[in-house]
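Student: Take a look at this one; I'll ask things after.
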Amino acid sequence: MRPLLAGTALTFLLSAFSSLMGQSSIDHVVIVLDASGSMKQKMPSSNQPKMEAAKEALIEVLSNIPQTTHIGLLVFSAADVKDHWVYPLASRKDDELLPAIRNIRPNRGTPLGRYIKIGADRLLEERAKQFGYGTYRLLIVTDGEANDRNLVEQYTPEVLSRGLRMDVIGVAMDRDHTLATKVHTYRRANDANTLKQAIAEVFAEVGGNQAGNVADNDAFELLAPIPVEVASAAINALSQSGNNPIGESRTNSPDVEQAASNTTAQHTITHTRTVQPEGMGSVLKLVILGGLVLLVLLKAITKR
């Protein structure tokens with residue numbers, strides 16, 4: 001059986017199942033915002049503090065994203081913040097999100113590694129709930145290197161190997177962040193306008209592959225004989241692969257993480273890197289499930 005056909009059949013199954021369950025494709029973006037003391041400093045050739053420029057950029061961009069994009073705003077080191085989830089991952093509510101952004105005030109250090117894990121874990125938790133349907137992205141906005149660089153180096157390959165997308169924006173940094181060559185995209189933002197543009201570019205990419213998540217009506221009809229319980233169990237089993245919290249053991253082969261850590265991206269202002277899927281075990285499951293779906297498809301077609 002050709003893997004391409006199996007993969008196509010699986011796409012139909014995922015789409016049909018989401019339709020039966022009343023799900024729609026949702027994009028999930030967790031923003032990790034640096035509120036360390038250095039964010040009080042002024043942007044180059046401007047009297048505007050970095051944090052104020054970041055807040056203005058976030059407010060303008062997030063005010064215009066579609067409701068199908070769920071936002072989570074995770075802030076570290078901010079002054080007088082009771083919960084680092086300034087805005088928990090959910091659909092956008094401007095009356096809650098925008099004031100939360102305006103109230104952020106920079107204060108202390110840069111525990112970036114710890115917050116990469118917190119943000120990624122939340123995305124993985126949501127992905128498990130959604131049976132892997134939708135898109136999942138971690139956007140980091142920072143102006144300096146982490147105090148816990150060992151955790152950054154440990155967690156970043158794990159985030160990538162689990163299939164989450166990572167984008168980093170370096171705010172008025174003297175040199176590129178160490179994450180620049182390790183994540184999917186890195187953008188420099190040396191003034192307020194380029195910062196706003198960088199954030200806008202990231203969100204312009206969100207949901208770019210939605211068309212691939214929807215099968216046509218004929219596919220839905222052909223897959224109708226598959227019981228919802230069977231489809232649910234199969235997809236749930238697949239969705240568990242790679243959804244373990246960052247830093248914890250997983251069932252998949254660790255060589256995927258090693259491959260991610262060994263991959264070097266080009267040293268450019270904005271670069272893109274393709275991360276390998278969740279290991280051969282998941283691929284085999286996909287092919288087997290795809291074969292099952294193809295059998296149902298062929299049986300339905302022959303009866304016509």
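Identifiers in the structure tokens: chain A, B, ... in order shown; residue index from 1 per chain; ligand index from 1 in order shown.
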Using the chain letters and numbers from this document, which residues of range 55-218 of chain A does DSSP assign to helix (DSSP H, G or I), as a ChimeraX atom specification?
Tutor: /A:55-62,94-102,112-129,149-161,178-181,192-205,210-213,217-218
Student: So which residues touch range 91-103 of chain A within 9 Å, counting only C-alpha atoms, skipping near sequence neighbours fewer than 4 positions away, as a PDB file with N, CA and C atoms, in the first residue's frame?
Tutor:
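Okay, part-v9.pdb is ready:
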ATOM      1  N   HIS A  28      -3.538  27.737  17.730  1.00  0.00           N
ATOM      2  CA  HIS A  28      -3.188  28.049  19.117  1.00  0.00           C
ATOM      3  C   HIS A  28      -1.802  28.674  19.149  1.00  0.00           C
ATOM      4  N   GLU A  52       7.261  49.141  26.241  1.00  0.00           N
ATOM      5  CA  GLU A  52       6.145  49.911  25.690  1.00  0.00           C
ATOM      6  C   GLU A  52       5.989  49.631  24.205  1.00  0.00           C
ATOM      7  N   LYS A  55       4.368  46.189  23.919  1.00  0.00           N
ATOM      8  CA  LYS A  55       2.941  46.208  24.266  1.00  0.00           C
ATOM      9  C   LYS A  55       2.120  46.830  23.145  1.00  0.00           C
ATOM     10  N   GLU A  56       2.598  47.924  22.585  1.00  0.00           N
ATOM     11  CA  GLU A  56       1.875  48.562  21.481  1.00  0.00           C
ATOM     12  C   GLU A  56       1.762  47.620  20.288  1.00  0.00           C
ATOM     13  N   LEU A  58       1.904  44.299  20.269  1.00  0.00           N
ATOM     14  CA  LEU A  58       1.006  43.184  20.574  1.00  0.00           C
ATOM     15  C   LEU A  58      -0.453  43.617  20.513  1.00  0.00           C
ATOM     16  N   ILE A  59      -0.747  44.768  21.088  1.00  0.00           N
ATOM     17  CA  ILE A  59      -2.137  45.243  21.097  1.00  0.00           C
ATOM     18  C   ILE A  59      -2.639  45.448  19.677  1.00  0.00           C
ATOM     19  N   LEU A  62      -2.739  41.785  17.812  1.00  0.00           N
ATOM     20  CA  LEU A  62      -3.713  40.850  18.366  1.00  0.00           C
ATOM     21  C   LEU A  62      -5.141  41.346  18.226  1.00  0.00           C
ATOM     22  N   SER A  63      -5.316  42.644  18.130  1.00  0.00           N
ATOM     23  CA  SER A  63      -6.670  43.196  17.967  1.00  0.00           C
ATOM     24  C   SER A  63      -7.279  42.828  16.618  1.00  0.00           C
ATOM     25  N   ILE A  65      -6.481  39.768  14.808  1.00  0.00           N
ATOM     26  CA  ILE A  65      -6.418  38.363  14.427  1.00  0.00           C
ATOM     27  C   ILE A  65      -7.815  37.754  14.460  1.00  0.00           C
ATOM     28  N   PRO A  66      -8.054  36.684  13.694  1.00  0.00           N
ATOM     29  CA  PRO A  66      -9.387  36.067  13.684  1.00  0.00           C
ATOM     30  C   PRO A  66      -9.701  35.357  14.995  1.00  0.00           C
ATOM     31  N   GLN A  67     -10.980  35.194  15.263  1.00  0.00           N
ATOM     32  CA  GLN A  67     -11.407  34.524  16.486  1.00  0.00           C
ATOM     33  C   GLN A  67     -11.041  33.044  16.487  1.00  0.00           C
ATOM     34  N   THR A  68     -10.717  32.493  15.324  1.00  0.00           N
ATOM     35  CA  THR A  68     -10.315  31.087  15.259  1.00  0.00           C
ATOM     36  C   THR A  68      -8.906  30.878  15.803  1.00  0.00           C
ATOM     37  N   THR A  69      -8.209  31.958  16.108  1.00  0.00           N
ATOM     38  CA  THR A  69      -6.882  31.851  16.704  1.00  0.00           C
ATOM     39  C   THR A  69      -6.997  32.026  18.214  1.00  0.00           C
ATOM     40  N   HIS A  70      -6.597  31.022  18.960  1.00  0.00           N
ATOM     41  CA  HIS A  70      -6.610  31.099  20.416  1.00  0.00           C
ATOM     42  C   HIS A  70      -5.253  31.592  20.898  1.00  0.00           C
ATOM     43  N   ILE A  71      -5.275  32.534  21.838  1.00  0.00           N
ATOM     44  CA  ILE A  71      -4.072  33.202  22.316  1.00  0.00           C
ATOM     45  C   ILE A  71      -3.844  32.890  23.787  1.00  0.00           C
ATOM     46  N   GLY A  72      -2.579  32.658  24.120  1.00  0.00           N
ATOM     47  CA  GLY A  72      -2.174  32.587  25.514  1.00  0.00           C
ATOM     48  C   GLY A  72      -1.000  33.525  25.698  1.00  0.00           C
ATOM     49  N   LEU A  73      -1.025  34.368  26.725  1.00  0.00           N
ATOM     50  CA  LEU A  73       0.071  35.306  26.972  1.00  0.00           C
ATOM     51  C   LEU A  73       0.728  34.953  28.297  1.00  0.00           C
ATOM     52  N   VAL A  81       2.637  40.936  39.201  1.00  0.00           N
ATOM     53  CA  VAL A  81       1.795  40.016  38.441  1.00  0.00           C
ATOM     54  C   VAL A  81       1.567  38.766  39.283  1.00  0.00           C
ATOM     55  N   VAL A  86      -0.832  35.823  32.105  1.00  0.00           N
ATOM     56  CA  VAL A  86      -1.547  37.096  32.063  1.00  0.00           C
ATOM     57  C   VAL A  86      -2.854  36.943  31.292  1.00  0.00           C
ATOM     58  N   TYR A  87      -2.816  36.079  30.278  1.00  0.00           N
ATOM     59  CA  TYR A  87      -4.043  35.728  29.557  1.00  0.00           C
ATOM     60  C   TYR A  87      -3.967  34.239  29.223  1.00  0.00           C
TER      61      TYR A  87
END
Student: Can you measure CA of Met173 in chain A to CA of Asp34 in chain A for me? One decimal in Å is fine.
Tutor: 12.9 Å
Student: Write down as a ChimeraX atom specification the residues belonging to range 6-100 of chain A that are assigned strand (DSSP E or B) by DSSP computed on the backbone.
Tutor: /A:27-34,42,49,69-76,85-91
Student: Of the residues A:Gly109, A:Pro88, A:Pro44, A:Pro157, which is the one nearest to Phe76 in chain A, using only C-alpha atoms?
Tutor: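 Under the stated criterion, the closest residue is A:Gly109.
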Student: I need the residue nearest Val32 in chain A from this list: A:Phe131, A:Arg114, A:Val141, A:Ala146. Use only C-alpha atoms for the distance.
Tutor: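 Selected residue with least distance to Val32 in chain A: A:Val141.
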Student: Using only C-alpha atoms for the distances, tell me which of A:Ala57, A:Ala79, A:Leu112, A:Leu124 is nearest to Lys40 in chain A.
Tutor: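 Looking at the shortest contact to Lys40 in chain A, the residue is A:Ala79.
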Student: Do a neighbour search on Leu164 in chain A at 8 Å with only C-alpha atoms, toss out local chain neighbours closer than 2 positions, and write the hits as a ChimeraX atom specification.
Tutor: /A:120,136-138,159-162,166
Student: Would you compute the distance between CA of Met39 in chain A and CA of Asp143 in chain A? Give it in Å to one decimal.
Tutor: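 That distance, rounded to one decimal, is 6.9 Å.
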Student: What's around Leu33 in chain A at 10 Å? Count only C-alpha atoms, leave out sequence neighbours fewer than 3 positions away in its own chain, and write the answer as a compact mmCIF listing (two decimals) with N, CA and C atoms, in the first residue's frame.
Tutor:
# COMPACT_ATOMS: atom_id res chain seq x y z
N VAL A 30 0.87 30.49 21.89
CA VAL A 30 1.26 30.94 23.22
C VAL A 30 2.43 31.91 23.04
N SER A 36 11.76 41.22 31.77
CA SER A 36 12.93 41.42 32.63
C SER A 36 13.29 42.90 32.70
N MET A 51 9.64 47.67 26.41
CA MET A 51 8.39 47.07 26.82
C MET A 51 7.19 47.81 26.26
N ALA A 54 6.82 46.84 22.72
CA ALA A 54 6.29 45.48 22.62
C ALA A 54 4.79 45.46 22.90
N LYS A 55 4.37 46.19 23.92
CA LYS A 55 2.94 46.21 24.27
C LYS A 55 2.12 46.83 23.15
N LEU A 73 -1.02 34.37 26.73
CA LEU A 73 0.07 35.31 26.97
C LEU A 73 0.73 34.95 28.30
N LEU A 74 1.96 34.48 28.20
CA LEU A 74 2.74 34.04 29.35
C LEU A 74 3.88 35.04 29.56
N VAL A 75 3.93 35.66 30.73
CA VAL A 75 4.90 36.73 30.98
C VAL A 75 5.79 36.36 32.15
N PHE A 76 7.10 36.50 31.96
CA PHE A 76 7.99 36.23 33.09
C PHE A 76 8.67 37.50 33.58
N SER A 77 8.87 37.56 34.88
CA SER A 77 9.60 38.62 35.58
C SER A 77 8.87 39.95 35.69
N ALA A 78 7.62 40.01 35.34
CA ALA A 78 6.88 41.27 35.44
C ALA A 78 6.62 41.64 36.89
N HIS A 84 1.53 34.27 36.13
CA HIS A 84 2.33 34.49 34.92
C HIS A 84 1.53 34.27 33.65
N ILE A 104 1.41 45.27 32.05
CA ILE A 104 2.70 44.58 32.24
C ILE A 104 3.80 45.61 32.50
N LEU A 112 14.10 32.24 30.92
CA LEU A 112 13.43 31.87 29.67
C LEU A 112 13.21 30.36 29.55
N TYR A 115 10.17 29.09 31.23
CA TYR A 115 8.91 29.52 30.62
C TYR A 115 8.69 28.91 29.24
N LEU A 139 5.56 31.53 20.48
CA LEU A 139 6.22 32.76 20.04
C LEU A 139 6.93 33.39 21.23
N ILE A 140 8.24 33.56 21.12
CA ILE A 140 9.04 34.13 22.20
C ILE A 140 9.49 35.53 21.80
N VAL A 141 9.20 36.51 22.65
CA VAL A 141 9.62 37.90 22.43
C VAL A 141 10.55 38.26 23.58
N THR A 142 11.83 38.44 23.29
CA THR A 142 12.82 38.67 24.35
C THR A 142 13.91 39.62 23.88
N ASP A 143 14.57 40.25 24.85
CA ASP A 143 15.66 41.17 24.50
C ASP A 143 17.01 40.71 25.05
N ILE A 169 11.57 36.41 18.46
CA ILE A 169 11.84 37.79 18.05
C ILE A 169 12.82 38.38 19.05
Student: I'd like the contact shell of Gly37 in chain A - 7 Å cut-off, only C-alpha atoms, skipping same-chain residues fewer than 6 positions apart - returned as a PDB file with N, CA and C atoms, in the first residue's frame.
Tutor:
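Produced file around.pdb, reproduced below:
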ATOM      1  N   PRO A 106       8.043  45.701  33.421  1.00  0.00           N
ATOM      2  CA  PRO A 106       9.264  44.895  33.574  1.00  0.00           C
ATOM      3  C   PRO A 106       9.874  45.036  34.957  1.00  0.00           C
ATOM      4  N   ASN A 107      10.573  43.956  35.382  1.00  0.00           N
ATOM      5  CA  ASN A 107      11.103  43.990  36.733  1.00  0.00           C
ATOM      6  C   ASN A 107      12.424  43.250  36.911  1.00  0.00           C
ATOM      7  N   ARG A 108      12.457  41.896  36.753  1.00  0.00           N
ATOM      8  CA  ARG A 108      13.612  41.142  37.249  1.00  0.00           C
ATOM      9  C   ARG A 108      14.402  40.445  36.145  1.00  0.00           C
ATOM     10  N   GLY A 109      14.750  39.140  36.361  1.00  0.00           N
ATOM     11  CA  GLY A 109      15.667  38.406  35.508  1.00  0.00           C
ATOM     12  C   GLY A 109      15.023  37.777  34.279  1.00  0.00           C
TER      13      GLY A 109
END
